[in-house]
$ cat data-v8.pdb   # PDB, C-alpha atoms and all ligand atoms
ATOM      1  CA  MET M 229       1.876  13.923 -13.560
ATOM      2  CA  GLU M 230      -0.820  16.263 -12.204
ATOM      3  CA  PRO M 231      -3.546  14.222 -10.435
ATOM      4  CA  THR M 232      -7.238  14.796 -11.204
ATOM      5  CA  ARG M 233      -8.768  17.300  -8.743
ATOM      6  CA  PHE M 234     -11.015  15.858  -6.060
ATOM      7  CA  ASP M 235     -12.181  18.019  -3.181
ATOM      8  CA  LEU M 236     -10.691  16.686   0.042
ATOM      9  CA  SER M 237     -10.511  20.053   1.811
ATOM     10  CA  GLY M 238     -11.202  19.834   5.524
ATOM     11  CA  LYS M 239     -10.455  16.074   5.533
ATOM     12  CA  THR M 240      -7.677  14.339   7.465
ATOM     13  CA  ALA M 241      -5.901  11.326   5.982
ATOM     14  CA  LEU M 242      -3.512   8.815   7.539
ATOM     15  CA  VAL M 243      -1.058   7.026   5.230
ATOM     16  CA  THR M 244       1.139   4.095   6.309
ATOM     17  CA  GLY M 245       4.515   3.568   4.650
ATOM     18  CA  ALA M 246       4.317   7.208   3.571
ATOM     19  CA  GLY M 247       8.032   8.003   3.265
ATOM     20  CA  ARG M 248       8.596   6.649  -0.220
ATOM     21  CA  GLY M 249       7.113   4.869  -3.216
ATOM     22  CA  ILE M 250       3.338   4.537  -3.508
ATOM     23  CA  GLY M 251       2.685   5.749   0.063
ATOM     24  CA  ARG M 252       4.574   8.992  -0.559
ATOM     25  CA  ALA M 253       2.693   9.549  -3.835
ATOM     26  CA  CYS M 254      -0.646   8.935  -2.051
ATOM     27  CA  ALA M 255       0.224  11.354   0.767
ATOM     28  CA  LEU M 256       1.216  14.089  -1.706
ATOM     29  CA  ALA M 257      -1.857  13.531  -3.900
ATOM     30  CA  LEU M 258      -4.196  13.618  -0.877
ATOM     31  CA  ALA M 259      -2.603  16.902   0.252
ATOM     32  CA  ALA M 260      -2.664  18.346  -3.292
ATOM     33  CA  ASN M 261      -6.422  17.755  -3.264
ATOM     34  CA  GLY M 262      -6.940  19.489   0.079
ATOM     35  CA  ALA M 263      -6.369  16.967   2.877
ATOM     36  CA  ASN M 264      -4.156  17.307   5.928
ATOM     37  CA  VAL M 265      -2.044  14.172   6.293
ATOM     38  CA  SER M 266      -0.667  12.053   9.125
ATOM     39  CA  LEU M 267       2.455  10.270   7.897
ATOM     40  CA  THR M 268       3.765   7.051   9.381
ATOM     41  CA  ALA M 269       6.482   4.450   8.728
ATOM     42  CA  ARG M 270       9.217   2.988  10.913
ATOM     43  CA  THR M 271      11.851   5.663  10.253
ATOM     44  CA  THR M 272      11.261   9.392  10.184
ATOM     45  CA  SER M 273      13.827  10.948   7.803
ATOM     46  CA  GLN M 274      11.872  10.364   4.566
ATOM     47  CA  LEU M 275       8.592  11.180   6.333
ATOM     48  CA  GLU M 276       9.991  14.592   7.334
ATOM     49  CA  GLU M 277      10.750  15.316   3.645
ATOM     50  CA  VAL M 278       7.168  14.423   2.675
ATOM     51  CA  LYS M 279       5.863  16.588   5.534
ATOM     52  CA  ALA M 280       7.894  19.571   4.246
ATOM     53  CA  GLU M 281       6.442  19.083   0.727
ATOM     54  CA  ILE M 282       2.899  18.969   2.115
ATOM     55  CA  GLU M 283       3.446  22.101   4.191
ATOM     56  CA  LYS M 284       4.686  23.889   1.061
ATOM     57  CA  MET M 285       1.216  23.190  -0.416
ATOM     58  CA  GLY M 286      -0.348  24.980   2.571
ATOM     59  CA  ARG M 287      -1.671  21.808   4.242
ATOM     60  CA  ARG M 288      -0.854  20.407   7.668
ATOM     61  CA  ALA M 289       1.111  17.205   8.198
ATOM     62  CA  ILE M 290       2.458  15.286  11.181
ATOM     63  CA  VAL M 291       5.070  12.542  11.367
ATOM     64  CA  VAL M 292       4.466   9.695  13.813
ATOM     65  CA  PRO M 293       6.838   6.712  13.495
ATOM     66  CA  ALA M 294       5.374   3.250  14.013
ATOM     67  CA  ASP M 295       5.840  -0.359  13.080
ATOM     68  CA  VAL M 296       2.496  -1.470  11.601
ATOM     69  CA  THR M 297       2.810  -4.812  13.404
ATOM     70  CA  LYS M 298       2.889  -3.244  16.904
ATOM     71  CA  ARG M 299      -0.556  -2.502  18.321
ATOM     72  CA  ALA M 300       0.550   0.171  20.841
ATOM     73  CA  GLU M 301       2.536   2.069  18.183
ATOM     74  CA  VAL M 302      -0.402   1.897  15.767
ATOM     75  CA  GLN M 303      -2.790   3.218  18.436
ATOM     76  CA  ASN M 304      -0.359   6.072  19.162
ATOM     77  CA  VAL M 305      -0.432   7.135  15.476
ATOM     78  CA  VAL M 306      -4.231   7.198  15.492
ATOM     79  CA  ASP M 307      -4.415   9.032  18.851
ATOM     80  CA  ARG M 308      -1.903  11.683  17.783
ATOM     81  CA  THR M 309      -3.645  12.155  14.423
ATOM     82  CA  LEU M 310      -6.939  12.821  16.205
ATOM     83  CA  SER M 311      -5.434  15.133  18.821
ATOM     84  CA  GLU M 312      -3.009  17.064  16.574
ATOM     85  CA  LEU M 313      -4.898  17.187  13.257
ATOM     86  CA  GLY M 314      -8.363  17.206  14.815
ATOM     87  CA  GLY M 315      -9.964  14.325  12.912
ATOM     88  CA  LEU M 316      -9.517  11.218  10.788
ATOM     89  CA  ASP M 317     -11.561  10.658   7.650
ATOM     90  CA  ILE M 318      -9.325   8.596   5.359
ATOM     91  CA  LEU M 319      -6.997   5.666   6.098
ATOM     92  CA  VAL M 320      -4.601   4.401   3.428
ATOM     93  CA  ASN M 321      -3.133   1.041   4.486
ATOM     94  CA  ASN M 322      -0.133   1.035   2.194
ATOM     95  CA  ALA M 323       2.920  -0.307   4.121
ATOM     96  CA  GLY M 324       4.081  -3.621   2.755
ATOM     97  CA  ILE M 325       7.044  -5.855   1.981
ATOM     98  CA  TYR M 326       7.805  -8.307  -0.806
ATOM     99  CA  THR M 327       9.868 -11.493  -0.630
ATOM    100  CA  MET M 328      10.877 -13.392  -3.756
ATOM    101  CA  LYS M 329      12.155 -16.943  -3.211
ATOM    102  CA  PRO M 330      11.119 -20.442  -4.273
ATOM    103  CA  LEU M 331       8.997 -22.140  -1.611
ATOM    104  CA  VAL M 332      11.248 -25.213  -1.804
ATOM    105  CA  GLN M 333      14.734 -25.170  -3.266
ATOM    106  CA  ASP M 334      15.402 -27.577  -6.131
ATOM    107  CA  PRO M 335      19.068 -28.626  -6.000
ATOM    108  CA  THR M 336      18.885 -29.914  -9.602
ATOM    109  CA  TRP M 337      17.847 -26.579 -11.094
ATOM    110  CA  THR M 338      19.156 -23.005 -11.005
ATOM    111  CA  SER M 339      16.971 -20.025 -11.805
ATOM    112  CA  GLY M 340      18.275 -16.965 -13.629
ATOM    113  CA  TYR M 341      16.828 -14.941 -10.751
ATOM    114  CA  SER M 342      19.556 -16.125  -8.382
ATOM    115  CA  LYS M 343      21.993 -13.796 -10.189
ATOM    116  CA  PHE M 344      20.222 -10.621  -9.064
ATOM    117  CA  VAL M 345      17.468 -11.273  -6.475
ATOM    118  CA  PRO M 346      18.942 -11.022  -2.953
ATOM    119  CA  ASN M 347      18.880 -14.298  -0.940
ATOM    120  CA  PHE M 348      17.066 -16.094  -3.781
ATOM    121  CA  ASP M 349      19.084 -19.258  -3.168
ATOM    122  CA  THR M 350      18.322 -19.515   0.536
ATOM    123  CA  PRO M 351      15.220 -21.482   1.541
ATOM    124  CA  PHE M 352      11.932 -19.710   2.152
ATOM    125  CA  THR M 353      11.604 -19.732   5.943
ATOM    126  CA  GLU M 354       8.823 -19.621   8.480
ATOM    127  CA  GLU M 355      10.244 -16.216   9.480
ATOM    128  CA  ASP M 356       9.804 -14.990   5.863
ATOM    129  CA  TRP M 357       6.162 -16.170   5.961
ATOM    130  CA  ASP M 358       5.504 -14.541   9.349
ATOM    131  CA  ALA M 359       7.058 -11.220   8.313
ATOM    132  CA  LEU M 360       4.936 -11.077   5.136
ATOM    133  CA  MET M 361       1.738 -11.949   7.016
ATOM    134  CA  ASP M 362       2.511  -9.589   9.920
ATOM    135  CA  ILE M 363       3.314  -6.519   7.828
ATOM    136  CA  ASN M 364       1.047  -7.006   4.807
ATOM    137  CA  VAL M 365      -2.023  -8.440   6.578
ATOM    138  CA  LYS M 366      -1.852  -7.901  10.360
ATOM    139  CA  GLY M 367      -0.719  -4.300   9.805
ATOM    140  CA  VAL M 368      -3.906  -3.638   7.800
ATOM    141  CA  PHE M 369      -6.007  -5.280  10.533
ATOM    142  CA  LEU M 370      -4.363  -3.291  13.368
ATOM    143  CA  PHE M 371      -4.651   0.127  11.692
ATOM    144  CA  THR M 372      -8.218  -0.534  10.543
ATOM    145  CA  GLN M 373      -9.257  -1.670  14.017
ATOM    146  CA  ALA M 374      -7.602   1.410  15.582
ATOM    147  CA  VAL M 375      -9.466   3.909  13.337
ATOM    148  CA  GLY M 376     -12.770   2.007  13.635
ATOM    149  CA  PRO M 377     -14.222   3.576  16.812
ATOM    150  CA  HIS M 378     -13.670   7.140  15.518
ATOM    151  CA  MET M 379     -15.056   6.474  12.023
ATOM    152  CA  MET M 380     -18.016   4.536  13.433
ATOM    153  CA  ALA M 381     -18.832   7.372  15.868
ATOM    154  CA  GLN M 382     -18.702  10.018  13.121
ATOM    155  CA  ARG M 383     -20.638   7.689  10.796
ATOM    156  CA  LYS M 384     -18.306   8.325   7.881
ATOM    157  CA  GLY M 385     -14.945   7.091   6.720
ATOM    158  CA  LYS M 386     -12.905   5.919   3.767
ATOM    159  CA  ILE M 387     -10.480   3.010   4.109
ATOM    160  CA  ILE M 388      -8.261   2.235   1.154
ATOM    161  CA  ASN M 389      -6.075  -0.855   1.272
ATOM    162  CA  ILE M 390      -3.200  -1.118  -1.169
ATOM    163  CA  SER M 391      -3.393  -4.707  -2.388
ATOM    164  CA  SER M 392      -1.830  -5.874  -5.647
ATOM    165  CA  ILE M 393      -2.578  -7.525  -8.964
ATOM    166  CA  ASP M 394      -1.070 -10.539  -7.185
ATOM    167  CA  ALA M 395      -4.386 -10.907  -5.292
ATOM    168  CA  GLU M 396      -5.731 -12.138  -8.659
ATOM    169  CA  HIS M 397      -2.795 -13.285 -10.704
ATOM    170  CA  GLY M 398      -0.158 -15.800  -9.677
ATOM    171  CA  LEU M 399       3.426 -14.688  -9.465
ATOM    172  CA  LYS M 400       6.047 -17.405  -9.283
ATOM    173  CA  TYR M 401       8.506 -17.285  -6.368
ATOM    174  CA  ALA M 402       6.054 -15.014  -4.570
ATOM    175  CA  ALA M 403       3.262 -17.398  -3.544
ATOM    176  CA  ALA M 404       3.365 -16.164   0.058
ATOM    177  CA  TYR M 405       3.186 -12.516  -1.054
ATOM    178  CA  CYS M 406       0.214 -13.411  -3.307
ATOM    179  CA  ALA M 407      -1.456 -14.995  -0.251
ATOM    180  CA  THR M 408      -1.073 -11.764   1.743
ATOM    181  CA  LYS M 409      -2.654  -9.653  -0.995
ATOM    182  CA  GLY M 410      -5.485 -12.152  -1.485
ATOM    183  CA  ALA M 411      -6.081 -11.886   2.272
ATOM    184  CA  VAL M 412      -6.212  -8.083   2.079
ATOM    185  CA  LYS M 413      -8.768  -8.297  -0.734
ATOM    186  CA  ALA M 414     -10.963 -10.743   1.229
ATOM    187  CA  PHE M 415     -10.634  -8.685   4.452
ATOM    188  CA  THR M 416     -11.739  -5.623   2.479
ATOM    189  CA  LYS M 417     -14.885  -7.344   1.198
ATOM    190  CA  GLY M 418     -15.857  -8.720   4.615
ATOM    191  CA  LEU M 419     -15.354  -5.389   6.375
ATOM    192  CA  ALA M 420     -17.121  -3.446   3.614
ATOM    193  CA  ARG M 421     -20.312  -5.357   4.493
ATOM    194  CA  GLU M 422     -19.704  -5.096   8.260
ATOM    195  CA  TRP M 423     -19.178  -1.312   8.308
ATOM    196  CA  VAL M 424     -21.617  -0.295   5.569
ATOM    197  CA  ARG M 425     -24.116   0.611   8.333
ATOM    198  CA  TYR M 426     -21.654   3.249   9.585
ATOM    199  CA  ASN M 427     -21.212   4.783   6.138
ATOM    200  CA  ILE M 428     -17.590   3.622   6.039
ATOM    201  CA  ASN M 429     -16.374   2.626   2.584
ATOM    202  CA  VAL M 430     -13.671  -0.061   2.474
ATOM    203  CA  ASN M 431     -11.930  -0.631  -0.856
ATOM    204  CA  CYS M 432      -8.656  -1.792  -2.384
ATOM    205  CA  VAL M 433      -6.389  -0.262  -4.968
ATOM    206  CA  GLY M 434      -4.286  -2.991  -6.553
ATOM    207  CA  PRO M 435      -1.138  -1.751  -8.251
ATOM    208  CA  GLY M 436       0.524  -3.578 -11.088
ATOM    209  CA  TYR M 437       4.292  -3.321 -11.486
ATOM    210  CA  THR M 438       5.173   0.124 -10.157
ATOM    211  CA  GLU M 439       8.540   1.888 -10.098
ATOM    212  CA  THR M 440       9.338   2.005  -6.370
ATOM    213  CA  PRO M 441      12.119   0.668  -4.117
ATOM    214  CA  LEU M 442      10.081  -2.557  -3.571
ATOM    215  CA  PHE M 443      11.868  -4.398  -6.417
ATOM    216  CA  PRO M 444      15.251  -2.637  -6.643
ATOM    217  CA  TRP M 445      16.744  -5.529  -8.617
ATOM    218  CA  VAL M 446      14.394  -4.653 -11.492
ATOM    219  CA  TYR M 447      13.782  -0.919 -11.264
ATOM    220  CA  ASP M 448      17.396   0.057 -10.491
ATOM    221  CA  ASP M 449      18.601  -1.543 -13.723
ATOM    222  CA  PRO M 450      17.202   0.401 -16.717
ATOM    223  CA  GLU M 451      17.966  -2.345 -19.254
ATOM    224  CA  ARG M 452      16.445  -5.161 -17.149
ATOM    225  CA  SER M 453      13.522  -2.886 -16.362
ATOM    226  CA  LYS M 454      12.824  -2.218 -20.052
ATOM    227  CA  ILE M 455      12.894  -5.923 -20.941
ATOM    228  CA  ALA M 456      10.739  -6.898 -17.921
ATOM    229  CA  ALA M 457       8.125  -4.258 -18.781
ATOM    230  CA  LYS M 458       8.039  -5.318 -22.429
ATOM    231  CA  ASN M 459       7.646  -9.012 -21.498
ATOM    232  CA  ASN M 460       5.088  -8.604 -18.702
ATOM    233  CA  VAL M 461       2.950  -5.523 -19.288
ATOM    234  CA  PRO M 462       0.658  -5.033 -22.327
ATOM    235  CA  MET M 463       1.336  -1.276 -22.183
ATOM    236  CA  GLY M 464       5.058  -2.024 -22.243
ATOM    237  CA  ARG M 465       5.982   0.125 -19.251
ATOM    238  CA  PHE M 466       5.744   0.113 -15.456
ATOM    239  CA  ALA M 467       3.442   2.452 -13.513
ATOM    240  CA  LYS M 468       4.636   5.630 -11.831
ATOM    241  CA  PRO M 469       3.631   5.782  -8.126
ATOM    242  CA  GLU M 470       1.477   8.865  -8.933
ATOM    243  CA  GLU M 471      -0.657   6.719 -11.247
ATOM    244  CA  ILE M 472      -1.545   4.476  -8.279
ATOM    245  CA  ALA M 473      -2.372   7.534  -6.146
ATOM    246  CA  THR M 474      -5.084   8.765  -8.551
ATOM    247  CA  PRO M 475      -7.675   6.028  -7.733
ATOM    248  CA  VAL M 476      -6.747   6.432  -4.066
ATOM    249  CA  ILE M 477      -7.896  10.077  -4.052
ATOM    250  CA  TYR M 478     -11.054   9.079  -5.941
ATOM    251  CA  LEU M 479     -11.823   6.436  -3.278
ATOM    252  CA  ALA M 480     -11.008   8.994  -0.555
ATOM    253  CA  SER M 481     -13.478  11.521  -1.990
ATOM    254  CA  ASP M 482     -17.263  11.822  -1.736
ATOM    255  CA  LEU M 483     -17.474  10.937  -5.446
ATOM    256  CA  SER M 484     -16.933   7.279  -4.495
ATOM    257  CA  ASP M 485     -19.648   7.144  -1.813
ATOM    258  CA  TYR M 486     -21.498   4.321  -3.638
ATOM    259  CA  VAL M 487     -18.341   2.170  -3.993
ATOM    260  CA  THR M 488     -17.468  -0.373  -1.299
ATOM    261  CA  GLY M 489     -15.790  -3.782  -1.156
ATOM    262  CA  GLU M 490     -14.219  -3.127  -4.562
ATOM    263  CA  SER M 491     -10.705  -3.594  -5.889
ATOM    264  CA  ILE M 492      -9.513  -1.201  -8.586
ATOM    265  CA  TYR M 493      -6.478  -2.497 -10.460
ATOM    266  CA  ILE M 494      -4.047  -0.082 -12.086
ATOM    267  CA  ASP M 495      -1.805  -2.333 -14.100
ATOM    268  CA  GLY M 496      -1.272  -1.278 -17.719
ATOM    269  CA  GLY M 497      -3.395  -4.237 -18.842
ATOM    270  CA  VAL M 498      -1.674  -7.093 -16.981
ATOM    271  CA  LEU M 499      -4.988  -8.571 -15.775
ATOM    272  CA  ALA M 500      -6.719  -8.006 -19.108
TER     273      ALA M 500
HETATM  274  P1  LIG W   1       8.246   0.627  -0.841
HETATM  275  O1  LIG W   1       9.163  -0.425  -0.351
HETATM  276  O2  LIG W   1       8.791   1.805  -1.532
HETATM  277  O3  LIG W   1       7.304   1.158   0.343
HETATM  278  C1  LIG W   1       6.858   0.346   1.377
HETATM  279  C2  LIG W   1       6.700   1.212   2.599
HETATM  280  O4  LIG W   1       6.239   0.381   3.678
HETATM  281  C3  LIG W   1       8.012   1.843   3.056
HETATM  282  O5  LIG W   1       7.768   3.186   3.425
HETATM  283  C4  LIG W   1       8.377   1.025   4.282
HETATM  284  O6  LIG W   1       9.111   1.768   5.236
HETATM  285  C5  LIG W   1       7.006   0.680   4.833
HETATM  286  N1  LIG W   1       7.026  -0.450   5.753
HETATM  287  C6  LIG W   1       7.503  -1.702   5.517
HETATM  288  N2  LIG W   1       7.398  -2.445   6.636
HETATM  289  C7  LIG W   1       6.856  -1.646   7.584
HETATM  290  C8  LIG W   1       6.486  -1.840   8.947
HETATM  291  N3  LIG W   1       6.692  -3.021   9.581
HETATM  292  N4  LIG W   1       5.951  -0.814   9.626
HETATM  293  C9  LIG W   1       5.765   0.397   9.015
HETATM  294  N5  LIG W   1       6.076   0.637   7.739
HETATM  295  C10 LIG W   1       6.615  -0.383   7.036
HETATM  296  O7  LIG W   1       7.226  -0.149  -1.779
HETATM  297  P2  LIG W   1       5.911   0.330  -2.594
HETATM  298  O8  LIG W   1       6.023  -0.296  -3.914
HETATM  299  O9  LIG W   1       5.689   1.773  -2.476
HETATM  300  O10 LIG W   1       4.819  -0.496  -1.764
HETATM  301  C11 LIG W   1       3.647   0.076  -1.225
HETATM  302  C12 LIG W   1       2.525  -0.933  -1.285
HETATM  303  O11 LIG W   1       2.216  -1.222  -2.649
HETATM  304  C13 LIG W   1       2.867  -2.270  -0.632
HETATM  305  O12 LIG W   1       1.754  -2.738   0.105
HETATM  306  C14 LIG W   1       3.124  -3.180  -1.830
HETATM  307  O13 LIG W   1       2.879  -4.531  -1.546
HETATM  308  C15 LIG W   1       2.132  -2.613  -2.828
HETATM  309  N6  LIG W   1       2.433  -2.951  -4.228
HETATM  310  C16 LIG W   1       3.554  -2.495  -4.843
HETATM  311  C17 LIG W   1       3.804  -2.848  -6.175
HETATM  312  C18 LIG W   1       5.032  -2.382  -6.922
HETATM  313  O14 LIG W   1       5.254  -2.850  -8.063
HETATM  314  N7  LIG W   1       5.835  -1.484  -6.373
HETATM  315  C19 LIG W   1       2.892  -3.666  -6.850
HETATM  316  C20 LIG W   1       1.756  -4.113  -6.185
HETATM  317  C21 LIG W   1       1.525  -3.743  -4.872
END
$ encode --input "data-v8.pdb" --output "structure tokens"
Amino acid sequence: MEPTRFDLSGKTALVTGAGRGIGRACALALAANGANVSLTARTTSQLEEVKAEIEKMGRRAIVVPADVTKRAEVQNVVDRTLSELGGLDILVNNAGIYTMKPLVQDPTWTSGYSKFVPNFDTPFTEEDWDALMDINVKGVFLFTQAVGPHMMAQRKGKIINISSIDAEHGLKYAAAYCATKGAVKAFTKGLAREWVRYNINVNCVGPGYTETPLFPWVYDDPERSKIAAKNNVPMGRFAKPEEIATPVIYLASDLSDYVTGESIYIDGGVLA
């Protein structure tokens, strides 16, 4: 799908979790609309492929590996973006994980999910909780804090946090994940008011069910995928990652200058 054209020429964007899924689609859409892009995730092989695609479009891209939960690694991504790409105008906090398990196991009851969701029958642990909070929430905090001084000094910036429909809508066996996305939404609103004086817009894009490697047990099985889409989505299909990238480039562009603290949901009608 060809994204709508927004003029991002001369801008530099940083995308976390940019090697695949929604992050990859955002990085490519930002570049297709004129931006140079700094690409980060923990491993570099997929990032290098995205970099090559961006360079084919005539834009610049750099690959800087980092774990979003490690402050020094996050700072290194921001420092290298500024020194090698010469600026930083747009941050897309996209990296995230998903864990699907009951909070407490019920020995008297077996869910159909246990047949295909990995580790569904093992108890939800404190480590599961910490990993979700660290990657989905602390990662957003660390990257946002690291880009803050530069965006505040230039008195302009666009921060786009990838939340989820699960910030609004309960999903069973994913209460902890829902909590992380609710936290991202609330963080976005608080910071939107705090940084409005610096002309920095802070918004969320909340995807609905999107075909990425996040839920392989659904998307890798065409039959299960078809049934799940029919049962859960008014439009009867899941989103393509490119459809999530379109509001991201709108929020990255000057056309959204009057929008801050908002969440735009792209969900085929799930929240309707
Ligand atoms: P994905 O698994 O394809 O991509 C997630 C990316 O995050 C990967 O590149 C991964 O390497 C990276 N990542 C994970 N942990 C990391 C860490 N500690 N440090 C650095 N990078 C890390 O999944 P996706 O569907 O593209 O997910 C992107 C975002 O969209 C996530 O925040 C997810 O919660 C959100 N989302 C996805 C859906 C969906 O249906 N796919 C729905 C709602 C929200």
$ residues_near_ligand --input "data-v8.pdb" --ligand "ligand LIG 1 (chain W)" --cutoff "7 Å" --atoms "all atoms listed in the file" --output "mmCIF file with C-alpha atoms, in the coordinates of the input"
data_model
loop_
_atom_site.group_PDB
_atom_site.id
_atom_site.type_symbol
_atom_site.label_atom_id
_atom_site.label_comp_id
_atom_site.auth_asym_id
_atom_site.auth_seq_id
_atom_site.Cartn_x
_atom_site.Cartn_y
_atom_site.Cartn_z
ATOM 1 C CA THR M 244 1.139 4.095 6.309
ATOM 2 C CA GLY M 245 4.515 3.568 4.650
ATOM 3 C CA ALA M 246 4.317 7.208 3.571
ATOM 4 C CA GLY M 247 8.032 8.003 3.265
ATOM 5 C CA ARG M 248 8.596 6.649 -0.220
ATOM 6 C CA GLY M 249 7.113 4.869 -3.216
ATOM 7 C CA ILE M 250 3.338 4.537 -3.508
ATOM 8 C CA GLY M 251 2.685 5.749 0.063
ATOM 9 C CA THR M 268 3.765 7.051 9.381
ATOM 10 C CA ALA M 269 6.482 4.450 8.728
ATOM 11 C CA ARG M 270 9.217 2.988 10.913
ATOM 12 C CA THR M 271 11.851 5.663 10.253
ATOM 13 C CA ALA M 294 5.374 3.250 14.013
ATOM 14 C CA ASP M 295 5.840 -0.359 13.080
ATOM 15 C CA VAL M 296 2.496 -1.470 11.601
ATOM 16 C CA THR M 297 2.810 -4.812 13.404
ATOM 17 C CA ASN M 322 -0.133 1.035 2.194
ATOM 18 C CA ALA M 323 2.920 -0.307 4.121
ATOM 19 C CA GLY M 324 4.081 -3.621 2.755
ATOM 20 C CA ILE M 325 7.044 -5.855 1.981
ATOM 21 C CA TYR M 326 7.805 -8.307 -0.806
ATOM 22 C CA ILE M 363 3.314 -6.519 7.828
ATOM 23 C CA ASN M 364 1.047 -7.006 4.807
ATOM 24 C CA ILE M 390 -3.200 -1.118 -1.169
ATOM 25 C CA SER M 391 -3.393 -4.707 -2.388
ATOM 26 C CA SER M 392 -1.830 -5.874 -5.647
ATOM 27 C CA ILE M 393 -2.578 -7.525 -8.964
ATOM 28 C CA GLY M 434 -4.286 -2.991 -6.553
ATOM 29 C CA PRO M 435 -1.138 -1.751 -8.251
ATOM 30 C CA GLY M 436 0.524 -3.578 -11.088
ATOM 31 C CA TYR M 437 4.292 -3.321 -11.486
ATOM 32 C CA THR M 438 5.173 0.124 -10.157
ATOM 33 C CA GLU M 439 8.540 1.888 -10.098
ATOM 34 C CA THR M 440 9.338 2.005 -6.370
ATOM 35 C CA PRO M 441 12.119 0.668 -4.117
ATOM 36 C CA LEU M 442 10.081 -2.557 -3.571
ATOM 37 C CA PHE M 443 11.868 -4.398 -6.417
#
$ closest_residue --input "data-v8.pdb" --among "M:Pro475, M:Pro377, M:Pro469, M:Pro462" --to "Gly497 of chain M" --atoms "all atoms listed in the file"
M:Pro462
$ atom_distance --input "data-v8.pdb" --atom1 "atom CA of Leu319 of chain M" --atom2 "atom CA of Lys279 of chain M"
16.9 Å
$ resolve_selection --input "data-v8.pdb" --expression "the PyMOL selection byres (((chain M and resi 255-262) around 7) and not hetatm)" --output "PyMOL selection string"
chain M and resi 231+233-238+243+246+251-254+263-265+282+285+287+473+477
$ residues_around --input "data-v8.pdb" --residues "Ala381 of chain M" --least-positions-apart "5" --cutoff "12 Å" --atoms "all atoms listed in the file" --output "compact mmCIF listing (two decimals) with C-alpha atoms, in the coordinates of the input"
# COMPACT_ATOMS: atom_id res chain seq x y z
CA GLY M 315 -9.96 14.32 12.91
CA LEU M 316 -9.52 11.22 10.79
CA ASP M 317 -11.56 10.66 7.65
CA VAL M 375 -9.47 3.91 13.34
CA GLY M 376 -12.77 2.01 13.64
CA TRP M 423 -19.18 -1.31 8.31
CA ARG M 425 -24.12 0.61 8.33
CA TYR M 426 -21.65 3.25 9.59
CA ASN M 427 -21.21 4.78 6.14
CA ILE M 428 -17.59 3.62 6.04
$ residues_near_point --input "data-v8.pdb" --point "(-11.6, -5.3, 1.1)" --cutoff "7 Å" --atoms "all atoms listed in the file" --output "PyMOL selection string"
chain M and resi 412-420+430-432+489-490
$ atom_distance --input "data-v8.pdb" --atom1 "atom CA of Asn429 of chain M" --atom2 "atom CA of Thr474 of chain M"
17.0 Å
$ atom_distance --input "data-v8.pdb" --atom1 "atom CA of Phe348 of chain M" --atom2 "atom CA of Lys329 of chain M"
5.0 Å
$ closest_residue --input "data-v8.pdb" --among "M:Ala359, M:Val305, M:Ala241, M:Leu331" --to "Pro293 of chain M" --atoms "only C-alpha atoms"
M:Val305
$ closest_residue --input "data-v8.pdb" --among "M:Thr338, M:Thr350, M:Ser453, M:Asn389" --to "Gly410 of chain M" --atoms "all atoms listed in the file"
M:Asn389
$ closest_residue --input "data-v8.pdb" --among "M:Ala395, M:Val476, M:Val461, M:Ile290" --to "Val320 of chain M" --atoms "all atoms listed in the file"
M:Val476
$ closest_residue --input "data-v8.pdb" --among "M:Thr327, M:Gln373, M:Gln382, M:Thr336" --to "Pro444 of chain M" --atoms "all atoms listed in the file"
M:Thr327
$ resolve_selection --input "data-v8.pdb" --expression "the PyMOL selection byres (((chain M and resi 371) around 8) and not hetatm)" --output "mmCIF file with C-alpha atoms, in the frame of the given file"
data_model
loop_
_atom_site.group_PDB
_atom_site.id
_atom_site.type_symbol
_atom_site.label_atom_id
_atom_site.label_comp_id
_atom_site.auth_asym_id
_atom_site.auth_seq_id
_atom_site.Cartn_x
_atom_site.Cartn_y
_atom_site.Cartn_z
ATOM 1 C CA VAL M 296 2.496 -1.470 11.601
ATOM 2 C CA VAL M 302 -0.402 1.897 15.767
ATOM 3 C CA GLN M 303 -2.790 3.218 18.436
ATOM 4 C CA ASN M 321 -3.133 1.041 4.486
ATOM 5 C CA GLY M 367 -0.719 -4.300 9.805
ATOM 6 C CA VAL M 368 -3.906 -3.638 7.800
ATOM 7 C CA PHE M 369 -6.007 -5.280 10.533
ATOM 8 C CA LEU M 370 -4.363 -3.291 13.368
ATOM 9 C CA THR M 372 -8.218 -0.534 10.543
ATOM 10 C CA GLN M 373 -9.257 -1.670 14.017
ATOM 11 C CA ALA M 374 -7.602 1.410 15.582
ATOM 12 C CA VAL M 375 -9.466 3.909 13.337
#
$ closest_residue --input "data-v8.pdb" --among "M:Asp482, M:Asp495, M:Asp307, M:Glu451" --to "Val433 of chain M" --atoms "all atoms listed in the file"
M:Asp495
$ axis_aligned_box --input "data-v8.pdb" --around "segment 466-470 of chain M" --padding-each-side "8 Å" --output "JSON"
{"center_x": 3.6, "center_y": 4.5, "center_z": -11.8, "size_x": 20.3, "size_y": 24.8, "size_z": 23.3}
